[in-house]
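Asks: Dropping in input.csv, with CSV, C-alpha atoms and all ligand atoms.
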```csv
chain,number,residue,atom,x,y,z
A,1,MET,CA,0.0,0.0,0.0
A,2,LYS,CA,1.3,3.4,-1.0
A,3,ILE,CA,0.1,6.5,0.8
A,4,THR,CA,0.8,10.0,-0.8
A,5,TYR,CA,0.1,13.2,1.1
A,6,LEU,CA,-1.7,15.8,-1.0
A,7,GLY,CA,-2.0,18.3,1.9
A,8,HIS,CA,-4.5,19.0,4.7
A,9,SER,CA,-6.6,15.8,5.1
A,10,CYS,CA,-6.1,14.6,1.5
A,11,LEU,CA,-4.3,11.2,1.0
A,12,LEU,CA,-4.0,9.3,-2.2
A,13,ILE,CA,-3.9,5.6,-1.2
A,14,GLU,CA,-2.9,3.0,-3.8
A,15,THR,CA,-3.8,-0.6,-2.9
A,16,GLN,CA,-2.9,-3.5,-5.1
A,17,ASP,CA,-5.2,-2.5,-7.9
A,18,LYS,CA,-7.4,0.4,-6.8
A,19,THR,CA,-6.8,4.1,-5.9
A,20,ILE,CA,-8.6,5.8,-3.1
A,21,ILE,CA,-8.5,9.5,-2.2
A,22,THR,CA,-9.6,11.0,1.1
A,23,ASP,CA,-11.2,14.4,1.8
A,24,PRO,CA,-9.9,16.2,-1.4
A,25,PHE,CA,-9.1,19.9,-0.6
A,26,ILE,CA,-6.4,20.8,-3.1
A,27,THR,CA,-7.4,23.8,-5.2
A,28,GLY,CA,-8.2,25.8,-2.1
A,29,ASN,CA,-4.9,24.9,-0.3
A,30,ASP,CA,-2.1,27.4,-1.0
A,31,LEU,CA,0.4,24.7,0.3
A,32,ALA,CA,-0.7,22.2,-2.4
A,33,LYS,CA,-0.2,24.4,-5.5
A,34,SER,CA,2.1,21.8,-6.9
A,35,ILE,CA,-0.7,19.2,-7.2
A,36,ASP,CA,-2.7,19.3,-10.4
A,37,ILE,CA,-6.1,17.8,-9.7
A,38,SER,CA,-6.8,17.1,-13.4
A,39,THR,CA,-4.2,14.4,-13.3
A,40,ILE,CA,-5.6,12.6,-10.3
A,41,LYS,CA,-7.0,9.2,-10.9
A,42,ALA,CA,-9.3,7.8,-8.2
A,43,ASP,CA,-11.6,4.8,-8.1
A,44,TYR,CA,-13.0,5.9,-4.7
A,45,ILE,CA,-13.3,9.1,-2.6
A,46,LEU,CA,-13.7,8.7,1.2
A,47,ILE,CA,-15.3,11.8,2.8
A,48,THR,CA,-15.2,12.1,6.6
A,49,HIS,CA,-17.5,15.0,6.9
A,50,ALA,CA,-19.1,17.9,5.0
A,51,HIS,CA,-16.9,20.8,5.9
A,52,GLN,CA,-15.5,22.8,2.9
A,53,ASP,CA,-11.9,21.8,3.7
A,54,HIS,CA,-12.8,18.2,3.2
A,55,ILE,CA,-15.1,18.3,0.1
A,56,LEU,CA,-14.0,21.2,-2.1
A,57,ASP,CA,-12.7,19.1,-4.9
A,58,VAL,CA,-14.9,16.0,-4.6
A,59,GLU,CA,-17.2,16.8,-7.5
A,60,THR,CA,-14.4,17.7,-9.9
A,61,ILE,CA,-12.4,14.5,-9.2
A,62,ALA,CA,-15.5,12.3,-9.1
A,63,LYS,CA,-16.7,13.6,-12.5
A,64,ASN,CA,-13.2,13.3,-14.1
A,65,ASN,CA,-12.9,9.7,-13.0
A,66,ASP,CA,-16.4,8.2,-12.6
A,67,THR,CA,-15.4,7.7,-9.0
A,68,THR,CA,-17.5,6.1,-6.3
A,69,LEU,CA,-17.9,8.2,-3.2
A,70,ILE,CA,-18.0,6.6,0.3
A,71,SER,CA,-19.3,8.6,3.2
A,72,ASN,CA,-22.2,9.0,5.5
A,73,PHE,CA,-25.8,8.8,4.1
A,74,GLU,CA,-26.4,12.6,4.1
A,75,ILE,CA,-23.2,13.4,2.2
A,76,ILE,CA,-23.8,10.7,-0.4
A,77,ASN,CA,-27.3,12.0,-1.0
A,78,TYR,CA,-26.0,15.6,-1.4
A,79,PHE,CA,-23.5,14.5,-4.0
A,80,ALA,CA,-26.0,12.2,-5.7
A,81,GLU,CA,-28.1,15.3,-6.5
A,82,LYS,CA,-25.0,16.7,-8.3
A,83,GLY,CA,-24.8,13.5,-10.3
A,84,CYS,CA,-22.0,11.7,-8.4
A,85,LYS,CA,-22.4,8.0,-7.5
A,86,GLY,CA,-21.8,6.8,-4.0
A,87,HIS,CA,-22.0,4.2,-1.3
A,88,PRO,CA,-23.7,5.5,1.9
A,89,MET,CA,-22.6,4.2,5.3
A,90,ASN,CA,-23.1,5.1,8.9
A,91,HIS,CA,-21.3,4.6,12.2
A,92,GLY,CA,-20.4,1.1,13.3
A,93,GLY,CA,-21.0,-0.3,9.8
A,94,LYS,CA,-18.7,-2.1,7.4
A,95,TRP,CA,-18.8,-3.1,3.8
A,96,HIS,CA,-16.7,-5.3,1.6
A,97,PHE,CA,-15.5,-3.4,-1.5
A,98,ASP,CA,-13.4,-4.7,-4.4
A,99,PHE,CA,-10.2,-3.4,-2.8
A,100,GLY,CA,-11.0,-4.5,0.8
A,101,THR,CA,-13.3,-3.6,3.7
A,102,ILE,CA,-14.2,-0.2,5.0
A,103,HIS,CA,-15.4,0.4,8.5
A,104,TYR,CA,-17.1,3.7,9.3
A,105,THR,CA,-15.9,4.8,12.7
A,106,ASN,CA,-17.0,7.5,15.3
A,107,ALA,CA,-15.6,11.0,15.4
A,108,ILE,CA,-16.4,13.9,17.6
A,109,HIS,CA,-16.7,17.0,15.5
A,110,THR,CA,-19.5,18.8,13.4
A,111,SER,CA,-20.5,18.2,9.8
A,112,SER,CA,-22.4,21.0,8.1
A,113,PHE,CA,-22.1,21.8,4.4
A,114,PRO,CA,-20.6,25.3,3.4
A,115,ASN,CA,-24.2,26.6,2.9
A,116,GLY,CA,-25.2,25.4,6.4
A,117,ASP,CA,-27.1,22.3,5.3
A,118,TYR,CA,-27.0,19.3,7.5
A,119,GLY,CA,-24.1,17.0,6.6
A,120,GLY,CA,-24.9,14.1,8.9
A,121,GLN,CA,-22.5,13.1,11.7
A,122,PRO,CA,-18.7,13.2,11.1
A,123,GLY,CA,-16.8,9.9,11.0
A,124,GLY,CA,-13.5,8.2,10.2
A,125,PHE,CA,-12.6,5.1,8.3
A,126,VAL,CA,-10.6,1.9,8.8
A,127,ILE,CA,-9.4,0.5,5.5
A,128,GLU,CA,-8.6,-3.2,5.6
A,129,THR,CA,-6.9,-4.9,2.6
A,130,HIS,CA,-5.4,-8.4,2.5
A,131,HIS,CA,-2.1,-7.1,3.8
A,132,HIS,CA,-2.8,-3.9,5.8
A,133,ARG,CA,-5.1,-2.1,8.2
A,134,LEU,CA,-5.1,1.7,8.2
A,135,TYR,CA,-7.2,4.0,10.4
A,136,ILE,CA,-8.0,7.5,9.1
A,137,ALA,CA,-9.5,9.4,12.0
A,138,GLY,CA,-11.1,12.4,10.2
A,139,ASP,CA,-11.5,15.6,12.1
A,140,THR,CA,-12.0,14.5,15.7
A,141,ALA,CA,-11.3,15.2,19.3
A,142,LEU,CA,-9.6,12.5,21.3
A,143,THR,CA,-12.2,9.9,22.1
A,144,TYR,CA,-12.3,6.8,24.3
A,145,ASP,CA,-14.1,5.0,21.4
A,146,MET,CA,-10.7,4.8,19.7
A,147,LYS,CA,-9.9,1.9,22.1
A,148,LEU,CA,-12.5,-0.2,20.4
A,149,ILE,CA,-10.8,-0.1,17.0
A,150,PRO,CA,-7.9,-2.5,17.6
A,151,GLU,CA,-10.2,-4.5,20.0
A,152,VAL,CA,-13.1,-5.0,17.5
A,153,ILE,CA,-11.5,-4.5,14.1
A,154,GLY,CA,-7.9,-5.6,14.7
A,155,GLU,CA,-4.3,-4.5,15.0
A,156,LEU,CA,-3.5,-1.4,13.0
A,157,ASP,CA,-0.4,-0.9,10.8
A,158,ILE,CA,-0.7,2.8,10.9
A,159,ALA,CA,-3.1,5.5,12.1
A,160,VAL,CA,-3.7,8.9,10.4
A,161,LEU,CA,-4.6,11.5,13.0
A,162,PRO,CA,-5.3,15.2,12.9
A,163,ILE,CA,-2.7,17.1,14.9
A,164,GLY,CA,-3.3,20.8,14.2
A,165,ASP,CA,-5.3,21.5,17.3
A,166,ASN,CA,-8.0,24.2,17.6
A,167,PHE,CA,-10.6,22.4,15.3
A,168,THR,CA,-9.4,18.9,16.2
A,169,MET,CA,-7.1,17.2,18.7
A,170,GLY,CA,-3.5,18.4,19.0
A,171,ILE,CA,-0.2,16.7,19.6
A,172,ASN,CA,-0.8,15.7,23.3
A,173,GLU,CA,-4.1,14.2,22.5
A,174,ALA,CA,-2.7,12.4,19.4
A,175,ILE,CA,-0.1,10.8,21.6
A,176,LYS,CA,-2.9,9.5,23.9
A,177,ALA,CA,-4.9,8.4,20.8
A,178,SER,CA,-1.9,6.4,19.6
A,179,THR,CA,-2.0,4.6,23.0
A,180,PHE,CA,-5.7,4.0,22.8
A,181,LEU,CA,-5.3,2.7,19.3
A,182,ASN,CA,-2.4,0.4,20.3
A,183,CYS,CA,-0.6,1.8,17.3
A,184,ASN,CA,2.8,3.6,17.6
A,185,LYS,CA,3.1,4.6,14.0
A,186,ILE,CA,1.2,7.8,13.4
A,187,LEU,CA,0.9,9.8,10.2
A,188,GLY,CA,-0.1,13.4,11.0
A,189,TYR,CA,-2.6,15.4,9.0
A,190,HIS,CA,-4.9,18.5,9.2
A,191,TYR,CA,-2.1,20.9,10.2
A,192,ASP,CA,-0.4,24.0,8.8
A,193,THR,CA,-3.1,24.7,6.2
A,194,PHE,CA,-4.4,27.8,7.9
A,195,GLY,CA,-3.3,30.0,10.8
A,196,TYR,CA,-5.3,28.3,13.5
A,197,ILE,CA,-3.6,24.9,12.9
A,198,LYS,CA,0.0,25.8,12.3
A,199,ILE,CA,2.3,23.5,14.3
A,200,ASN,CA,6.0,23.4,15.2
A,201,HIS,CA,7.2,20.2,13.4
A,202,LYS,CA,10.3,19.8,15.4
A,203,GLU,CA,8.5,20.0,18.8
A,204,ALA,CA,5.8,17.6,17.5
A,205,MET,CA,8.3,15.0,16.5
A,206,GLU,CA,10.2,15.4,19.8
A,207,GLN,CA,7.0,15.0,21.9
A,208,PHE,CA,6.2,11.8,20.0
A,209,ALA,CA,9.7,10.5,20.3
A,210,LYS,CA,9.7,11.2,24.1
A,211,ALA,CA,6.5,9.0,24.3
A,212,LYS,CA,8.4,6.3,22.3
A,213,LYS,CA,6.1,6.7,19.3
A,214,GLU,CA,6.8,7.6,15.7
A,215,LEU,CA,5.2,10.7,14.1
A,216,ILE,CA,5.5,10.9,10.3
A,217,LEU,CA,5.0,14.3,8.7
A,218,LEU,CA,5.1,13.9,4.9
A,219,PRO,CA,5.9,16.9,2.7
A,220,ILE,CA,3.0,17.5,0.2
A,221,GLY,CA,3.5,15.2,-2.8
A,222,GLU,CA,5.6,12.7,-0.8
A,223,HIS,CA,4.6,9.2,0.0
A,224,LEU,CA,5.2,6.3,2.4
A,225,LYS,CA,4.8,2.6,1.7
A,226,LEU,CA,3.4,-0.1,4.0
A,301,NI,NI,-14.1,19.8,10.0
A,302,MN,MN,-11.3,20.2,8.8
```
Would you mind writing the file's structure down as structure tokens?
Ligand code: NI
Ligand code: MN

Replies:
Amino acid sequence: MKITYLGHSCLLIETQDKTIITDPFITGNDLAKSIDISTIKADYILITHAHQDHILDVETIAKNNDTTLISNFEIINYFAEKGCKGHPMNHGGKWHFDFGTIHYTNAIHTSSFPNGDYGGQPGGFVIETHHHRLYIAGDTALTYDMKLIPEVIGELDIAVLPIGDNFTMGINEAIKASTFLNCNKILGYHYDTFGYIKINHKEAMEQFAKAKKELILLPIGEHLKL
């Protein structure tokens, strides 16, 4: 599995034969100017919640690629009206797709569309393939529910957590989340994009190291392999 960071909460995940993109917010992200969305190929788009910084480029990418959206029921209905196809889920549910299984997990946050319409409840995802298990938290506070993920779904290879603070958990809470998740390898996201969520990279890495955990901060456009 190859995971490329496209900035903010946007990851391009390549499994053996499918490509999945999460929360595409590229054209609105000054830090992601090097990414050309017209070249992005995606079989699926995972959407954690309806906020603008998670859905801005959904429609463009979906229509360029005939992509299937995976999100909560309300978000799938919203994009269905715009002509996008999708698979609706809700918290606690799982579904077997052609690339593997998706579990829709709990998140503590809000989820309105940019015009104020109700966007359902926010969530996160666990992606399970034959070889790997990856947790993508979405925008969330630290929550005790995270303990259930390794217990009920299984051991994680890596967890993607928001670390920018203010709108989501910050570094201290992400370290605790890593303990709850029983996963010491954390890929940080949802930081630096705007003023409220700028972080000190060096301090963040040091705090994780002190807790004997690994924090990975990928430059935009860079990838890691599992
Ligand atoms: Ni949000
Ligand atoms: Mn956000």

Asks: Using only C-alpha atoms and all ligand atoms, what are the residues with an atom within 10 Å of ligand MN 302 (chain A), set out as JSON, numbers by chain?

Replies: {"A": [8, 9, 23, 25, 48, 49, 50, 51, 52, 53, 54, 55, 109, 110, 111, 138, 139, 140, 162, 164, 167, 168, 189, 190, 191, 193, 197]}

Asks: What does the distance between CA of Ala137 in chain A and CA of Leu161 in chain A come to in Å, to one decimal place?

Replies: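 One can read the CA of Ala137 in chain A to CA of Leu161 in chain A distance as 5.4 Å.
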
Asks: Counting all atoms listed in the file, which residue out of A:Ala204, A:Gly188, A:Ile13, A:Ala177 sits closest to Leu217 in chain A?

Replies: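 Nearest to Leu217 in chain A: A:Gly188.
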
Asks: Between A:Met169, A:Phe79, A:His132, A:Glu59, which is the closest to ligand NI 301 (chain A) once you count all atoms listed in the file?

Replies: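 Closest residue, counting all atoms listed in the file: A:Met169.
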
Asks: Just how far from CA of Glu74 in chain A is CA of Asn90 in chain A, in Å to one decimal?

Replies: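 That distance, rounded to one decimal, is 9.5 Å.
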
Asks: Of the candidates A:Leu12, A:Ile158, A:Ile175, A:Ile127, which one gets nearest to Thr101 in chain A if we count only C-alpha atoms?

Replies: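 Ranked by minimum distance to Thr101 in chain A, first place goes to A:Ile127.
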
Asks: Out of A:Leu181, A:Ala80, A:Met146, A:Ala141, which residue has the shortest atom-to-atom distance to ligand NI 301 (chain A) when counting only C-alpha atoms and all ligand atoms?

Replies: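 Among A:Leu181, A:Ala80, A:Met146, A:Ala141, it is A:Ala141 that comes nearest to ligand NI 301 (chain A).
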
Asks: Could you list, as JSON, numbers by chain, every residue within 7 Å of Ile20 in chain A, counting only C-alpha atoms and ignoring same-chain residues fewer than 4 positions away?

Replies: {"A": [12, 13, 14, 42, 43, 44, 45]}

Asks: Calculate how many Å separate CA of Gly154 in chain A from CA of Ile108 in chain A, rounding to one decimal.

Replies: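 Spanning CA of Gly154 in chain A to CA of Ile108 in chain A is a straight-line distance of 21.5 Å.
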
Asks: Find the residues around Pro150 in chain A up to 9 Å (all atoms listed in the file counted), leave out those fewer than 6 positions away in its own chain, and share them as a list in words.

Replies: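 In the requested form, the answer reads Leu156, Phe180, Leu181, Asn182 and Cys183 of chain A.
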
Asks: Please write the residues from the selection above to a file, keeping C-alpha atoms, as a CSV table (one decimal), in the coordinates of the input.

Replies:
```
chain,number,residue,atom,x,y,z
A,156,LEU,CA,-3.5,-1.4,13.0
A,180,PHE,CA,-5.7,4.0,22.8
A,181,LEU,CA,-5.3,2.7,19.3
A,182,ASN,CA,-2.4,0.4,20.3
A,183,CYS,CA,-0.6,1.8,17.3
```

Asks: From the list A:Leu187, A:Leu56, A:Ala32, A:Ile220, which residue is nearest Phe208 in chain A when using only C-alpha atoms?

Replies: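 Answer, going by the shortest atom-to-atom distance: A:Leu187.
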
Asks: Point out the residue among A:Asn72, A:Asn172, A:Asn166, A:Asn115 with the least atom-to-atom distance to ligand NI 301 (chain A), counting only C-alpha atoms and all ligand atoms.

Replies: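 Among A:Asn72, A:Asn172, A:Asn166, A:Asn115, it is A:Asn166 that comes nearest to ligand NI 301 (chain A).
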
Asks: Take the point (-17.2, 7.3, 11.5) in the file's coordinates, draw a sphere of radius 7 Å around it, and report as a VMD selection string every protein, DNA or RNA residue with an atom inside or on it, counting only C-alpha atoms.

Replies: chain A and resid 90 to 91 104 to 107 122 to 125

Asks: Show which residues sit within 10 Å of Phe73 in chain A, as a ChimeraX atom specification. Count only C-alpha atoms, and ignore same-chain residues fewer than 6 positions away.

Replies: /A:86-90,119-121

Asks: For Tyr5 in chain A, work out the shell of residues within 7 Å, counting all atoms listed in the file and skipping chain neighbours fewer than 2 positions away, then give it as a list in words.

Replies: Ile3, Gly7, Cys10, Leu11, Leu12, Leu218, Ile220, Gly221, Glu222 and His223 of chain A

Asks: With the input short on atoms, add N, CA and C atoms back to range 186-200 of chain A and write it as an mmCIF file, in the frame of the given file.

Replies:
```
data_model
loop_
_atom_site.group_PDB
_atom_site.id
_atom_site.type_symbol
_atom_site.label_atom_id
_atom_site.label_comp_id
_atom_site.auth_asym_id
_atom_site.auth_seq_id
_atom_site.Cartn_x
_atom_site.Cartn_y
_atom_site.Cartn_z
ATOM 1 N N ILE A 186 2.204 6.843 13.630
ATOM 2 C CA ILE A 186 1.200 7.800 13.400
ATOM 3 C C ILE A 186 1.573 8.717 12.191
ATOM 4 N N LEU A 187 0.678 8.836 11.223
ATOM 5 C CA LEU A 187 0.900 9.800 10.200
ATOM 6 C C LEU A 187 0.005 11.032 10.524
ATOM 7 N N GLY A 188 0.626 12.194 10.665
ATOM 8 C CA GLY A 188 -0.100 13.400 11.000
ATOM 9 C C GLY A 188 -0.764 14.033 9.822
ATOM 10 N N TYR A 189 -1.980 14.588 10.012
ATOM 11 C CA TYR A 189 -2.600 15.400 9.000
ATOM 12 C C TYR A 189 -3.460 16.491 9.595
ATOM 13 N N HIS A 190 -4.082 17.336 8.751
ATOM 14 C CA HIS A 190 -4.900 18.500 9.200
ATOM 15 C C HIS A 190 -4.041 19.401 10.115
ATOM 16 N N TYR A 191 -2.918 19.869 9.550
ATOM 17 C CA TYR A 191 -2.100 20.900 10.200
ATOM 18 C C TYR A 191 -1.477 21.791 9.165
ATOM 19 N N ASP A 192 -1.099 22.989 9.604
ATOM 20 C CA ASP A 192 -0.400 24.000 8.800
ATOM 21 C C ASP A 192 -1.179 24.692 7.706
ATOM 22 N N THR A 193 -2.342 24.172 7.319
ATOM 23 C CA THR A 193 -3.100 24.700 6.200
ATOM 24 C C THR A 193 -3.498 26.156 6.374
ATOM 25 N N PHE A 194 -4.019 26.460 7.568
ATOM 26 C CA PHE A 194 -4.400 27.800 7.900
ATOM 27 C C PHE A 194 -3.798 28.203 9.258
ATOM 28 N N GLY A 195 -3.891 29.515 9.556
ATOM 29 C CA GLY A 195 -3.300 30.000 10.800
ATOM 30 C C GLY A 195 -3.616 29.319 12.047
ATOM 31 N N TYR A 196 -4.877 28.935 12.213
ATOM 32 C CA TYR A 196 -5.300 28.300 13.500
ATOM 33 C C TYR A 196 -4.628 26.960 13.727
ATOM 34 N N ILE A 197 -4.125 26.328 12.686
ATOM 35 C CA ILE A 197 -3.600 24.900 12.900
ATOM 36 C C ILE A 197 -2.161 24.782 12.503
ATOM 37 N N LYS A 198 -1.427 25.872 12.516
ATOM 38 C CA LYS A 198 0.000 25.800 12.300
ATOM 39 C C LYS A 198 0.702 25.125 13.464
ATOM 40 N N ILE A 199 1.616 24.213 13.189
ATOM 41 C CA ILE A 199 2.300 23.500 14.300
ATOM 42 C C ILE A 199 3.832 23.678 14.119
ATOM 43 N N ASN A 200 4.542 23.446 15.216
ATOM 44 C CA ASN A 200 6.000 23.400 15.200
ATOM 45 C C ASN A 200 6.395 21.922 14.954
#
```
